[in-house]
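Structure file query.pdb with PDB, C-alpha atoms:
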ATOM      1  CA  MET A   1       7.467 -28.357 -13.528
ATOM      2  CA  HIS A   2       8.074 -25.572 -16.052
ATOM      3  CA  THR A   3       6.893 -25.653 -19.637
ATOM      4  CA  LEU A   4       8.980 -24.165 -22.434
ATOM      5  CA  ALA A   5       6.583 -21.199 -22.542
ATOM      6  CA  ASP A   6       7.189 -20.656 -18.798
ATOM      7  CA  ARG A   7      10.951 -20.616 -19.331
ATOM      8  CA  ILE A   8      10.660 -18.206 -22.263
ATOM      9  CA  ASP A   9       8.272 -15.954 -20.328
ATOM     10  CA  ALA A  10      10.741 -15.947 -17.436
ATOM     11  CA  VAL A  11      13.387 -14.224 -19.570
ATOM     12  CA  LEU A  12      11.105 -11.749 -21.365
ATOM     13  CA  PRO A  13      11.241  -8.224 -19.851
ATOM     14  CA  GLN A  14       7.534  -8.183 -18.816
ATOM     15  CA  THR A  15       6.938  -4.677 -20.125
ATOM     16  CA  GLN A  16       3.628  -6.010 -21.588
ATOM     17  CA  CYS A  17       4.105  -3.393 -24.311
ATOM     18  CA  GLU A  18       2.652  -5.527 -27.136
ATOM     19  CA  GLN A  19       5.278  -4.293 -29.607
ATOM     20  CA  CYS A  20       5.810  -7.957 -30.543
ATOM     21  CA  GLY A  21       2.226  -7.983 -31.818
ATOM     22  CA  PHE A  22       0.949 -10.231 -29.042
ATOM     23  CA  HIS A  23      -1.187  -9.270 -26.051
ATOM     24  CA  GLY A  24       1.670  -9.165 -23.572
ATOM     25  CA  CYS A  25       4.818 -11.153 -22.851
ATOM     26  CA  ARG A  26       3.107 -14.425 -21.930
ATOM     27  CA  PRO A  27       1.229 -14.786 -25.243
ATOM     28  CA  TYR A  28       4.468 -13.991 -27.105
ATOM     29  CA  ALA A  29       6.286 -16.639 -25.046
ATOM     30  CA  GLU A  30       3.607 -19.176 -25.945
ATOM     31  CA  ALA A  31       3.900 -18.285 -29.640
ATOM     32  CA  ILE A  32       7.682 -18.692 -29.551
ATOM     33  CA  ALA A  33       7.322 -22.022 -27.742
ATOM     34  CA  ALA A  34       4.876 -23.195 -30.411
ATOM     35  CA  GLY A  35       7.263 -22.131 -33.168
ATOM     36  CA  ALA A  36       4.704 -19.571 -34.345
ATOM     37  CA  ALA A  37       6.819 -16.450 -33.739
ATOM     38  CA  PRO A  38      10.516 -15.616 -34.157
ATOM     39  CA  ILE A  39      12.667 -14.635 -31.173
ATOM     40  CA  ASN A  40      13.559 -11.148 -32.443
ATOM     41  CA  ARG A  41      10.368  -9.179 -31.890
ATOM     42  CA  CYS A  42      10.990  -7.773 -28.415
ATOM     43  CA  PRO A  43      12.484  -4.254 -28.515
ATOM     44  CA  PRO A  44      12.660  -3.813 -24.701
ATOM     45  CA  GLY A  45      14.537  -7.119 -24.427
ATOM     46  CA  GLY A  46      16.826  -5.945 -27.186
ATOM     47  CA  LYS A  47      19.961  -7.729 -28.326
ATOM     48  CA  THR A  48      20.648  -9.145 -24.868
ATOM     49  CA  GLY A  49      17.151 -10.590 -24.726
ATOM     50  CA  ILE A  50      17.481 -12.179 -28.163
ATOM     51  CA  ASP A  51      20.822 -13.746 -27.170
ATOM     52  CA  ILE A  52      19.236 -15.216 -24.025
ATOM     53  CA  LEU A  53      16.297 -16.611 -26.022
ATOM     54  CA  ALA A  54      18.670 -18.056 -28.650
ATOM     55  CA  ALA A  55      20.705 -19.816 -25.953
ATOM     56  CA  LEU A  56      17.557 -21.091 -24.229
ATOM     57  CA  LEU A  57      16.119 -22.509 -27.438
ATOM     58  CA  GLY A  58      19.426 -23.608 -28.977
ATOM     59  CA  VAL A  59      18.826 -21.565 -32.128
ATOM     60  CA  PRO A  60      20.965 -18.892 -33.801
ATOM     61  CA  ALA A  61      20.524 -15.318 -32.563
ATOM     62  CA  LEU A  62      18.827 -12.909 -34.952
ATOM     63  CA  ALA A  63      18.985  -9.136 -35.300
ATOM     64  CA  LEU A  64      16.026  -7.308 -33.725
ATOM     65  CA  ASP A  65      13.145  -7.017 -36.201
ATOM     66  CA  THR A  66      12.856  -3.226 -36.282
ATOM     67  CA  ALA A  67       9.390  -3.481 -37.791
ATOM     68  CA  HIS A  68       8.396  -4.137 -34.144
ATOM     69  CA  GLY A  69      10.322  -1.194 -32.702
ATOM     70  CA  VAL A  70      13.851  -0.177 -31.845
ATOM     71  CA  GLU A  71      15.920  -0.867 -28.765
ATOM     72  CA  LYS A  72      16.196   2.186 -26.497
ATOM     73  CA  PRO A  73      16.674   2.976 -22.824
ATOM     74  CA  ARG A  74      13.685   1.941 -20.705
ATOM     75  CA  LEU A  75      11.294   4.713 -19.720
ATOM     76  CA  LEU A  76       8.449   5.228 -17.307
ATOM     77  CA  ALA A  77       5.304   7.315 -17.506
ATOM     78  CA  ARG A  78       4.400  10.350 -15.442
ATOM     79  CA  ILE A  79       1.141  12.302 -15.564
ATOM     80  CA  ILE A  80       1.231  16.095 -15.785
ATOM     81  CA  GLU A  81      -1.319  16.737 -13.059
ATOM     82  CA  ALA A  82      -2.176  20.270 -14.175
ATOM     83  CA  ASP A  83      -3.548  18.820 -17.422
ATOM     84  CA  CYS A  84      -5.214  15.561 -16.249
ATOM     85  CA  ILE A  85      -8.989  15.654 -16.792
ATOM     86  CA  GLY A  86      -9.639  12.339 -15.016
ATOM     87  CA  CYS A  87     -10.911  10.494 -18.106
ATOM     88  CA  THR A  88      -9.649   6.994 -17.031
ATOM     89  CA  LYS A  89      -8.477   6.081 -20.548
ATOM     90  CA  CYS A  90      -4.870   5.609 -19.432
ATOM     91  CA  ILE A  91      -6.053   3.372 -16.592
ATOM     92  CA  ALA A  92      -7.920   1.181 -19.085
ATOM     93  CA  ALA A  93      -4.808   1.005 -21.263
ATOM     94  CA  CYS A  94      -2.309   0.170 -18.511
ATOM     95  CA  PRO A  95      -1.572  -3.591 -18.673
ATOM     96  CA  VAL A  96      -0.179  -3.780 -15.132
ATOM     97  CA  ASP A  97      -2.586  -1.642 -13.034
ATOM     98  CA  ALA A  98       0.151   0.930 -12.498
ATOM     99  CA  ILE A  99      -2.171   3.935 -12.548
ATOM    100  CA  ILE A 100      -4.303   4.952  -9.586
ATOM    101  CA  GLY A 101      -7.361   7.085 -10.269
ATOM    102  CA  SER A 102     -11.040   7.102 -11.152
ATOM    103  CA  GLY A 103     -13.452   9.201 -13.215
ATOM    104  CA  LYS A 104     -12.997  12.946 -12.656
ATOM    105  CA  LEU A 105     -10.368  12.268 -10.000
ATOM    106  CA  MET A 106      -6.617  12.653 -10.279
ATOM    107  CA  HIS A 107      -4.715   9.889 -12.069
ATOM    108  CA  THR A 108      -1.244   9.044 -10.829
ATOM    109  CA  VAL A 109       1.302   6.548 -12.110
ATOM    110  CA  ILE A 110       2.744   4.240  -9.467
ATOM    111  CA  ALA A 111       6.295   4.788 -10.693
ATOM    112  CA  ASN A 112       7.619   1.584  -9.151
ATOM    113  CA  ASP A 113       4.973  -0.502 -10.965
ATOM    114  CA  CYS A 114       5.289   1.199 -14.365
ATOM    115  CA  THR A 115       6.993  -0.908 -17.030
ATOM    116  CA  GLY A 116       7.345   1.915 -19.552
ATOM    117  CA  CYS A 117       5.162   0.117 -22.081
ATOM    118  CA  GLU A 118       3.914   3.496 -23.379
ATOM    119  CA  LEU A 119       0.394   2.148 -24.009
ATOM    120  CA  CYS A 120      -1.067   4.959 -21.882
ATOM    121  CA  VAL A 121       0.523   7.694 -23.986
ATOM    122  CA  PRO A 122      -1.666   7.456 -27.120
ATOM    123  CA  ALA A 123      -4.706   6.675 -24.910
ATOM    124  CA  CYS A 124      -4.570  10.117 -23.255
ATOM    125  CA  PRO A 125      -6.836  12.607 -25.092
ATOM    126  CA  VAL A 126      -5.073  15.640 -23.623
ATOM    127  CA  ASP A 127      -1.477  14.471 -24.058
ATOM    128  CA  CYS A 128      -0.700  14.818 -20.392
ATOM    129  CA  ILE A 129       1.561  11.768 -20.045
ATOM    130  CA  VAL A 130       5.291  12.222 -20.357
ATOM    131  CA  LEU A 131       8.013   9.565 -20.438
ATOM    132  CA  GLU A 132      11.076   9.814 -18.274
ATOM    133  CA  PRO A 133      14.163   7.632 -17.892
ATOM    134  CA  MET A 134      13.576   4.539 -15.770
ATOM    135  CA  PRO A 135      15.854   4.378 -12.707
ATOM    136  CA  ALA A 136      18.478   1.637 -13.082
ATOM    137  CA  THR A 137      17.266   0.095  -9.806
ATOM    138  CA  GLN A 138      13.957  -0.704 -11.510
ATOM    139  CA  LEU A 139      15.584  -2.840 -14.230
ATOM    140  CA  ASP A 140      15.901  -5.984 -12.129
ATOM    141  CA  ILE A 141      14.273  -9.393 -12.028
ATOM    142  CA  GLU A 142      12.119  -8.438  -9.006
ATOM    143  CA  HIS A 143      10.427  -5.674 -10.967
ATOM    144  CA  ALA A 144       9.915  -7.992 -13.952
ATOM    145  CA  ASP A 145       8.346 -10.632 -11.666
ATOM    146  CA  HIS A 146       6.177  -7.919 -10.121
ATOM    147  CA  ALA A 147       5.005  -6.795 -13.574
ATOM    148  CA  ARG A 148       4.155 -10.412 -14.541
ATOM    149  CA  THR A 149       2.101 -10.823 -11.373
ATOM    150  CA  HIS A 150       0.273  -7.554 -12.007
ATOM    151  CA  PHE A 151      -0.393  -8.454 -15.643
ATOM    152  CA  ASN A 152      -1.805 -11.852 -14.652
ATOM    153  CA  ARG A 153      -3.917 -10.335 -11.881
ATOM    154  CA  ARG A 154      -5.388  -7.805 -14.300
ATOM    155  CA  GLU A 155      -6.072 -10.433 -16.993
ATOM    156  CA  ALA A 156      -7.861 -12.636 -14.452
ATOM    157  CA  ARG A 157      -9.937  -9.704 -13.188
ATOM    158  CA  LEU A 158     -10.943  -8.586 -16.703
ATOM    159  CA  ASP A 159     -11.776 -12.198 -17.596
ATOM    160  CA  SER A 160     -14.149 -12.584 -14.673
ATOM    161  CA  LEU A 161     -15.752  -9.200 -15.455
ATOM    162  CA  ARG A 162     -16.264 -10.319 -19.073
ATOM    163  CA  GLN A 163     -17.763 -13.610 -17.931
ATOM    164  CA  ALA A 164     -20.128 -11.868 -15.533
ATOM    165  CA  HIS A 165     -21.179  -9.516 -18.335
ATOM    166  CA  GLU A 166     -21.800 -12.360 -20.804
ATOM    167  CA  HIS A 167     -23.741 -14.235 -18.153
ATOM    168  CA  GLU A 168     -25.920 -11.178 -17.610
ATOM    169  CA  LEU A 169     -26.480 -10.714 -21.363
ATOM    170  CA  ALA A 170     -27.411 -14.374 -21.777
ATOM    171  CA  GLY A 171     -29.901 -14.004 -18.949
ATOM    172  CA  ARG A 172     -31.413 -10.947 -20.604
ATOM    173  CA  LYS A 173     -31.713 -12.741 -23.971
ATOM    174  CA  THR A 174     -33.700 -15.594 -22.447
ATOM    175  CA  ALA A 175     -36.004 -13.078 -20.814
ATOM    176  CA  THR A 176     -36.550 -11.239 -24.095
ATOM    177  CA  ALA A 177     -37.315 -14.444 -25.988
ATOM    178  CA  MET A 178     -40.290 -14.940 -23.693
ATOM    179  CA  SER A 179     -41.423 -11.328 -23.881
ATOM    180  CA  PRO A 180     -45.027 -10.629 -25.011
ATOM    181  CA  VAL A 181     -43.808  -8.683 -28.072
ATOM    182  CA  GLU A 182     -41.668 -11.565 -29.296
ATOM    183  CA  ALA A 183     -44.521 -14.006 -28.694
ATOM    184  CA  ALA A 184     -46.975 -11.799 -30.644
ATOM    185  CA  LEU A 185     -44.549 -11.528 -33.555
ATOM    186  CA  ALA A 186     -44.089 -15.285 -33.628
ATOM    187  CA  ARG A 187     -47.869 -15.788 -33.671
ATOM    188  CA  ALA A 188     -48.187 -13.267 -36.528
ATOM    189  CA  ARG A 189     -45.488 -15.063 -38.517
ATOM    190  CA  ALA A 190     -47.189 -18.390 -37.928
ATOM    191  CA  ARG A 191     -50.544 -17.009 -39.128
ATOM    192  CA  LYS A 192     -48.918 -15.589 -42.256
ATOM    193  CA  GLN A 193     -47.399 -18.952 -43.090
ATOM    194  CA  GLU A 194     -50.729 -20.707 -42.581
ATOM    195  CA  GLY A 195     -52.389 -18.190 -44.909
ATOM    196  CA  SER A 196     -49.917 -18.665 -47.754
ATOM    197  CA  PRO A 197     -50.530 -21.624 -50.146
TER     198      PRO A 197
ATOM    199  CA  MET B   1     -11.099 -18.743  13.483
ATOM    200  CA  VAL B   2     -11.736 -15.662  11.359
ATOM    201  CA  GLU B   3     -11.218 -16.131   7.659
ATOM    202  CA  CYS B   4      -8.757 -13.646   6.196
ATOM    203  CA  ILE B   5      -8.328 -12.098   2.756
ATOM    204  CA  ALA B   6      -5.306 -10.493   1.113
ATOM    205  CA  ILE B   7      -5.843  -6.945  -0.090
ATOM    206  CA  GLU B   8      -3.801  -3.908  -0.987
ATOM    207  CA  VAL B   9      -4.289  -0.271  -0.105
ATOM    208  CA  ALA B  10      -2.778   2.350  -2.344
ATOM    209  CA  ARG B  11      -2.439   6.101  -2.457
ATOM    210  CA  ALA B  12      -0.459   8.214  -4.840
ATOM    211  CA  PHE B  13       1.099  11.644  -4.781
ATOM    212  CA  PRO B  14       3.049  13.194  -7.654
ATOM    213  CA  ASP B  15       6.415  12.361  -6.111
ATOM    214  CA  ARG B  16       5.574   9.369  -3.945
ATOM    215  CA  GLN B  17       3.243   6.392  -4.209
ATOM    216  CA  GLU B  18       2.449   3.874  -1.518
ATOM    217  CA  VAL B  19       1.022   0.394  -2.002
ATOM    218  CA  LEU B  20       0.641  -1.696   1.138
ATOM    219  CA  ALA B  21      -0.270  -5.381   1.191
ATOM    220  CA  LEU B  22      -2.552  -6.228   4.102
ATOM    221  CA  THR B  23      -4.183  -9.371   5.410
ATOM    222  CA  VAL B  24      -7.565  -8.474   6.844
ATOM    223  CA  PRO B  25     -10.596 -10.377   8.196
ATOM    224  CA  ARG B  26     -13.290 -11.150   5.633
ATOM    225  CA  GLY B  27     -15.943  -8.463   5.900
ATOM    226  CA  THR B  28     -13.463  -5.596   6.197
ATOM    227  CA  THR B  29     -14.695  -2.445   4.441
ATOM    228  CA  ALA B  30     -12.779  -0.050   2.214
ATOM    229  CA  ALA B  31     -12.737   2.663   4.892
ATOM    230  CA  GLU B  32     -11.550   0.165   7.530
ATOM    231  CA  ALA B  33      -8.710  -0.928   5.240
ATOM    232  CA  VAL B  34      -7.556   2.678   4.905
ATOM    233  CA  ALA B  35      -7.642   3.024   8.697
ATOM    234  CA  LEU B  36      -5.695  -0.249   9.084
ATOM    235  CA  ALA B  37      -3.028   1.225   6.798
ATOM    236  CA  GLY B  38      -2.733   4.048   9.301
ATOM    237  CA  TRP B  39      -3.923   6.621   6.798
ATOM    238  CA  SER B  40      -6.355   9.432   7.500
ATOM    239  CA  PRO B  41      -9.937   8.906   6.249
ATOM    240  CA  ALA B  42     -10.274   9.537   2.510
ATOM    241  CA  ALA B  43     -12.933  11.589   0.748
ATOM    242  CA  ALA B  44     -12.885   9.390  -2.353
ATOM    243  CA  LEU B  45     -12.195   5.662  -2.488
ATOM    244  CA  GLY B  46     -12.284   2.978  -5.136
ATOM    245  CA  VAL B  47     -11.272  -0.553  -6.016
ATOM    246  CA  PHE B  48      -9.271  -0.868  -9.243
ATOM    247  CA  SER B  49     -10.505   2.544 -10.475
ATOM    248  CA  ARG B  50     -14.179   1.866  -9.670
ATOM    249  CA  ARG B  51     -15.569   4.235  -7.064
ATOM    250  CA  VAL B  52     -16.850   2.595  -3.886
ATOM    251  CA  GLN B  53     -18.289   3.957  -0.654
ATOM    252  CA  GLY B  54     -16.414   3.587   2.594
ATOM    253  CA  ASP B  55     -18.749   0.802   3.736
ATOM    254  CA  HIS B  56     -18.002  -1.316   0.622
ATOM    255  CA  VAL B  57     -17.063  -4.824   1.766
ATOM    256  CA  LEU B  58     -13.790  -5.964   0.228
ATOM    257  CA  ALA B  59     -13.118  -9.166  -1.674
ATOM    258  CA  ASP B  60      -9.897 -11.154  -1.770
ATOM    259  CA  GLY B  61      -7.375  -9.520  -4.105
ATOM    260  CA  ASP B  62      -8.987  -6.062  -4.079
ATOM    261  CA  ARG B  63      -6.833  -2.960  -4.194
ATOM    262  CA  VAL B  64      -8.382  -0.112  -2.243
ATOM    263  CA  GLU B  65      -7.363   3.157  -3.839
ATOM    264  CA  VAL B  66      -7.404   6.562  -2.191
ATOM    265  CA  TYR B  67      -8.111   9.301  -4.700
ATOM    266  CA  ARG B  68      -7.214  12.965  -4.893
ATOM    267  CA  PRO B  69      -9.255  15.635  -6.677
ATOM    268  CA  LEU B  70      -8.203  16.998 -10.060
ATOM    269  CA  THR B  71      -6.116  20.129  -9.808
ATOM    270  CA  LEU B  72      -8.414  21.959 -12.157
ATOM    271  CA  ASP B  73     -11.872  21.820 -13.626
ATOM    272  CA  PRO B  74     -11.922  19.714 -16.833
ATOM    273  CA  LYS B  75     -14.152  22.261 -18.595
ATOM    274  CA  GLU B  76     -11.749  25.046 -17.690
ATOM    275  CA  ALA B  77      -8.847  22.921 -18.962
ATOM    276  CA  ARG B  78     -10.710  22.372 -22.220
ATOM    277  CA  ARG B  79     -11.243  26.123 -22.645
ATOM    278  CA  ARG B  80      -7.592  26.750 -21.900
ATOM    279  CA  ARG B  81      -6.450  24.196 -24.490
ATOM    280  CA  ALA B  82      -8.838  25.589 -27.096
ATOM    281  CA  SER B  83      -7.664  29.170 -26.584
ATOM    282  CA  GLY B  84      -4.040  28.083 -26.768
ATOM    283  CA  ARG B  85      -4.531  26.777 -30.276
TER     284      ARG B  85
END
Do you think you could lay out the structure here as structure tokens?
Amino acid sequence: MHTLADRIDAVLPQTQCEQCGFHGCRPYAEAIAAGAAPINRCPPGGKTGIDILAALLGVPALALDTAHGVEKPRLLARIIEADCIGCTKCIAACPVDAIIGSGKLMHTVIANDCTGCELCVPACPVDCIVLEPMPATQLDIEHADHARTHFNRREARLDSLRQAHEHELAGRKTATAMSPVEAALARARARKQEGSP
Amino acid sequence: MVECIAIEVARAFPDRQEVLALTVPRGTTAAEAVALAGWSPAAALGVFSRRVQGDHVLADGDRVEVYRPLTLDPKEARRRRASGR
């Protein structure tokens, strides 16, 4: 059983580049399905992608909205190792976990997993990420499916980390509320109120 | 029957990257996963960019990553960039 959003997501390129203004291809697909976004905001999908979306939805094709970027050959990122300082910012920016590395250790792009979203490029403080042409063999449905899986895996992981963090904060708040300082302040406030007419 | 988990082990070189999907018994450690991949023991390991020790017990879905050192000292790189300006 596939929803309309599933079918739209299935034909989006899965670059997860956010040029459409949404946090990845899936949220854009959901917005299109809900009638909240037009079909011409995906530069990596380009004219072909818009035609496919138009046919799928039974609506007229539109020209690509260049406010969201221009159609160009797909690229992939490569790190200039001589300049990498191991800051992890590109890893945090990569929507598909395509960069291997940790703090003060070498960062390397897994070329086969890179979607060419370019989100790592502005994240790098030392400008050590270059973009190179994507091999034609990487422009197939298998790689798009792979990228979707990696995006979903990362979203799920970040979600559970966020939840664990919030849970911890909530726990800390309860503990603070019962702290001696808080209790003393509350008593002082109560006394003040009693004193006033 | 031993319960199994699905993990990945990954290592990356400038011109070649390897990501292997493995099914391992629950309780397998990061260092054991690297050995199961047939790779030599690694000096630095992590799971999704977080450093872990070799005896770190893996969870389902983890990606064990083998790291390489930086090619140069970040402070030295900073000095070099500053002098180039």
Original post:
Given a cut-off of 10 Å, which residues of chain B touch chain A, counting all atoms listed in the file, written out as a ChimeraX atom specification?
Top reply: /B:10-19,44-51,61-78,80-81
Original post:
the PyMOL selection byres ((chain B and resi 21) around 9) on the file shown: which residues, as number ranges by chain?
Top reply: B: 6-10, 19-20, 22-23, 63
Output the selection as an mmCIF file, in the coordinates of the input - C-alpha atoms for each residue.
data_model
loop_
_atom_site.group_PDB
_atom_site.id
_atom_site.type_symbol
_atom_site.label_atom_id
_atom_site.label_comp_id
_atom_site.auth_asym_id
_atom_site.auth_seq_id
_atom_site.Cartn_x
_atom_site.Cartn_y
_atom_site.Cartn_z
ATOM 1 C CA ALA B 6 -5.306 -10.493 1.113
ATOM 2 C CA ILE B 7 -5.843 -6.945 -0.090
ATOM 3 C CA GLU B 8 -3.801 -3.908 -0.987
ATOM 4 C CA VAL B 9 -4.289 -0.271 -0.105
ATOM 5 C CA ALA B 10 -2.778 2.350 -2.344
ATOM 6 C CA VAL B 19 1.022 0.394 -2.002
ATOM 7 C CA LEU B 20 0.641 -1.696 1.138
ATOM 8 C CA LEU B 22 -2.552 -6.228 4.102
ATOM 9 C CA THR B 23 -4.183 -9.371 5.410
ATOM 10 C CA ARG B 63 -6.833 -2.960 -4.194
#
**OP:** Name the residues captured by the PyMOL selection byres ((chain B and resi 30-39) around 6) when it is applied to the shown file; answer as a ChimeraX atom specification.
**Re:** /B:29,40,54,56
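One distance worth recording is that between CA of Ala34 in chain A and CA of Asp6 in chain A, which is 12.1 Å.
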**OP:** Please write as an MDAnalysis selection string the full residue list that the PyMOL selection byres ((chain A and resi 74) around 7) yields on this file.
**Re:** chainID A and resid 72:73 75 116 133:134
Listed atoms of range 2-9 of chain B, axis-aligned box, 4 Å per side: centre and edge lengths to one decimal in Å, as AutoDock Vina command-line options?
--center_x -7.8 --center_y -8.2 --center_z 5.2 --size_x 15.9 --size_y 23.9 --size_z 20.3
Subject >> All residues 6 Å or closer to range 38-49 of chain A, only C-alpha atoms, same chain fewer than 4 positions away omitted, as a ChimeraX atom specification >> reply: /A:13,20,64-65,68-71
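When CA of Val2 in chain B is paired with CA of Pro25 in chain B, their separation reads 6.3 Å.
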